Amino acid sequence: MLKNKVAIITGAAQGIGRKIAEQFAADGAIVYACDRQEFTVDNEHIHPMVMDVTDATQVKTICMEIYKKEGHIDCLVNNAGIVYNRKIGMIMREETERMFLVNVIAVLELIQLVSRLMARNGGGSIVNIASVTAVLGSPGQVAYSATKGAIIAMTKSAAKELASQGIRVNAVAPGIVKTERFAELYETTNAQKIEDRISRIALGRLGTPEDIANACAFLASDRASYISGQILGVDGCASI
């Protein structure tokens, strides 16, 4: 689906981001997998890049290097994000500011930068990672949900603004996904509460990184050429 397309994927060292990078490469893309930490991959079509999305100067330098080398950038997946789970009354300003910096401001700056480069070649596709918490709400995740709600609003507005330049902007809103982070959460929190949430997923199972990666690959591909401004829930038909 993505043959010879050049893709930038953030937060790609592990979990969902790594699987997105692998899926894009499997679908034929030339992938620049970015993360703030060094990592390696055994795939000649994936190029690991150390990039802190909150460092605007570094981000611009790397994106320009990619553009100059490849001559075009076709896809951007804004996957990098952080979460601090805090109930109301326990929310810390420093953590909230950090989440907005990584989850919202960095995404906006990347969209600004990469959309300019995409426009030079007639368009492209941007996929943002939102969350089911922004759609349904989640106790203990008020601040985090707010950042992902901002992503949904940003996605819809950017899609309308960039459409004239041939740039599509969509978002994927995952539900509970079985990642390394989920395994840690399961072991350190109330397992019964998590089991209760899983029981309310209509399809009866946790999501997988592959589920999210497949959705991103579809939205980035030409098969979705008439789809923009949409929030695709990949949550197993979660009811809460």
# chains A, B, ... in the order shown; residues from 1 in each chain; ligands from 1
$ select_by_dssp --residues "stretch 65-110 of chain A" --states "strand (DSSP E or B)" --output "NGL selection string"
:A and (75-78 or 86)
$ residues_around --residues "A:Pro48" --least-positions-apart "4" --cutoff "7 Å" --atoms "only C-alpha atoms" --output "list in words"
Tyr32, Ala33, Cys34, Phe39 and Thr40 of chain A
$ write_last_selection --atoms "all heavy atoms" --output "PDB file, in the first residue's frame"
ATOM      1  N   TYR A  32      11.510   6.464   8.326  1.00  0.00           N
ATOM      2  CA  TYR A  32      12.411   7.125   9.273  1.00  0.00           C
ATOM      3  C   TYR A  32      11.728   7.069  10.633  1.00  0.00           C
ATOM      4  O   TYR A  32      10.755   7.777  10.882  1.00  0.00           O
ATOM      5  CB  TYR A  32      12.711   8.554   8.818  1.00  0.00           C
ATOM      6  CG  TYR A  32      13.626   8.562   7.623  1.00  0.00           C
ATOM      7  CD1 TYR A  32      13.110   8.475   6.333  1.00  0.00           C
ATOM      8  CD2 TYR A  32      15.012   8.606   7.779  1.00  0.00           C
ATOM      9  CE1 TYR A  32      13.948   8.444   5.233  1.00  0.00           C
ATOM     10  CE2 TYR A  32      15.859   8.569   6.675  1.00  0.00           C
ATOM     11  CZ  TYR A  32      15.321   8.493   5.413  1.00  0.00           C
ATOM     12  OH  TYR A  32      16.171   8.445   4.326  1.00  0.00           O
ATOM     13  N   ALA A  33      12.232   6.155  11.455  1.00  0.00           N
ATOM     14  CA  ALA A  33      11.637   5.873  12.752  1.00  0.00           C
ATOM     15  C   ALA A  33      12.353   6.696  13.816  1.00  0.00           C
ATOM     16  O   ALA A  33      13.538   6.475  14.083  1.00  0.00           O
ATOM     17  CB  ALA A  33      11.740   4.381  13.066  1.00  0.00           C
ATOM     18  N   CYS A  34      11.649   7.632  14.397  1.00  0.00           N
ATOM     19  CA  CYS A  34      12.269   8.599  15.311  1.00  0.00           C
ATOM     20  C   CYS A  34      11.871   8.343  16.758  1.00  0.00           C
ATOM     21  O   CYS A  34      10.721   8.018  17.051  1.00  0.00           O
ATOM     22  CB  CYS A  34      11.866  10.016  14.917  1.00  0.00           C
ATOM     23  SG  CYS A  34      12.252  10.437  13.204  1.00  0.00           S
ATOM     24  N   PHE A  39      17.957   3.319  19.415  1.00  0.00           N
ATOM     25  CA  PHE A  39      17.420   1.970  19.295  1.00  0.00           C
ATOM     26  C   PHE A  39      17.861   1.394  17.959  1.00  0.00           C
ATOM     27  O   PHE A  39      18.326   2.123  17.081  1.00  0.00           O
ATOM     28  CB  PHE A  39      15.892   1.958  19.419  1.00  0.00           C
ATOM     29  CG  PHE A  39      15.171   2.676  18.298  1.00  0.00           C
ATOM     30  CD1 PHE A  39      14.536   1.963  17.295  1.00  0.00           C
ATOM     31  CD2 PHE A  39      15.116   4.062  18.257  1.00  0.00           C
ATOM     32  CE1 PHE A  39      13.869   2.605  16.265  1.00  0.00           C
ATOM     33  CE2 PHE A  39      14.452   4.723  17.237  1.00  0.00           C
ATOM     34  CZ  PHE A  39      13.823   3.995  16.235  1.00  0.00           C
ATOM     35  N   THR A  40      17.740   0.102  17.839  1.00  0.00           N
ATOM     36  CA  THR A  40      18.138  -0.565  16.603  1.00  0.00           C
ATOM     37  C   THR A  40      16.978  -1.388  16.053  1.00  0.00           C
ATOM     38  O   THR A  40      16.082  -1.804  16.802  1.00  0.00           O
ATOM     39  CB  THR A  40      19.341  -1.504  16.841  1.00  0.00           C
ATOM     40  OG1 THR A  40      18.982  -2.493  17.830  1.00  0.00           O
ATOM     41  CG2 THR A  40      20.552  -0.716  17.316  1.00  0.00           C
TER      42      THR A  40
END
$ closest_residue --among "A:Ala143, A:Met49, A:Ile129, A:Leu2" --to "A:Val77" --atoms "only C-alpha atoms"
A:Ile129
$ atom_distance --atom1 "atom CA of A:Ala25" --atom2 "atom CA of A:Thr133"
29.1 Å
$ decode --residues "stretch 201-221 of chain A" --atoms "N, CA and C atoms" --output "short mmCIF file (atom, residue, chain, number, x, y, z; two decimals), in the first residue's frame"
data_model
loop_
_atom_site.label_atom_id
_atom_site.label_comp_id
_atom_site.auth_asym_id
_atom_site.auth_seq_id
_atom_site.Cartn_x
_atom_site.Cartn_y
_atom_site.Cartn_z
N ILE A 201 -15.43 -4.42 26.40
CA ILE A 201 -15.05 -4.29 24.99
C ILE A 201 -15.90 -5.27 24.19
N ALA A 202 -16.69 -4.76 23.28
CA ALA A 202 -17.66 -5.60 22.58
C ALA A 202 -17.03 -6.76 21.83
N LEU A 203 -15.85 -6.55 21.25
CA LEU A 203 -15.20 -7.63 20.50
C LEU A 203 -14.48 -8.61 21.40
N GLY A 204 -14.45 -8.34 22.71
CA GLY A 204 -14.02 -9.34 23.68
C GLY A 204 -12.53 -9.55 23.82
N ARG A 205 -11.72 -8.62 23.37
CA ARG A 205 -10.28 -8.77 23.53
C ARG A 205 -9.60 -7.43 23.57
N LEU A 206 -8.35 -7.42 24.04
CA LEU A 206 -7.52 -6.23 23.99
C LEU A 206 -7.11 -5.94 22.55
N GLY A 207 -6.84 -4.68 22.28
CA GLY A 207 -6.25 -4.34 21.01
C GLY A 207 -4.79 -4.74 20.99
N THR A 208 -4.22 -4.83 19.81
CA THR A 208 -2.80 -5.15 19.66
C THR A 208 -2.12 -4.01 18.90
N PRO A 209 -0.81 -3.88 19.04
CA PRO A 209 -0.10 -2.88 18.24
C PRO A 209 -0.34 -3.06 16.74
N GLU A 210 -0.52 -4.31 16.31
CA GLU A 210 -0.79 -4.58 14.89
C GLU A 210 -2.10 -3.94 14.46
N ASP A 211 -3.12 -3.97 15.34
CA ASP A 211 -4.41 -3.35 15.00
C ASP A 211 -4.24 -1.87 14.70
N ILE A 212 -3.46 -1.20 15.53
CA ILE A 212 -3.25 0.24 15.36
C ILE A 212 -2.40 0.50 14.12
N ALA A 213 -1.37 -0.31 13.93
CA ALA A 213 -0.47 -0.13 12.78
C ALA A 213 -1.21 -0.30 11.46
N ASN A 214 -2.09 -1.29 11.39
CA ASN A 214 -2.85 -1.52 10.16
C ASN A 214 -3.75 -0.34 9.84
N ALA A 215 -4.36 0.24 10.87
CA ALA A 215 -5.23 1.40 10.65
C ALA A 215 -4.42 2.59 10.15
N CYS A 216 -3.25 2.80 10.75
CA CYS A 216 -2.39 3.92 10.32
C CYS A 216 -1.93 3.73 8.88
N ALA A 217 -1.54 2.51 8.54
CA ALA A 217 -1.07 2.23 7.18
C ALA A 217 -2.17 2.48 6.15
N PHE A 218 -3.38 2.09 6.49
CA PHE A 218 -4.50 2.33 5.57
C PHE A 218 -4.72 3.83 5.37
N LEU A 219 -4.78 4.58 6.46
CA LEU A 219 -5.03 6.01 6.35
C LEU A 219 -3.92 6.74 5.63
N ALA A 220 -2.69 6.23 5.73
CA ALA A 220 -1.56 6.87 5.05
C ALA A 220 -1.51 6.53 3.57
N SER A 221 -2.21 5.49 3.17
CA SER A 221 -2.11 4.99 1.80
C SER A 221 -3.07 5.70 0.85
#
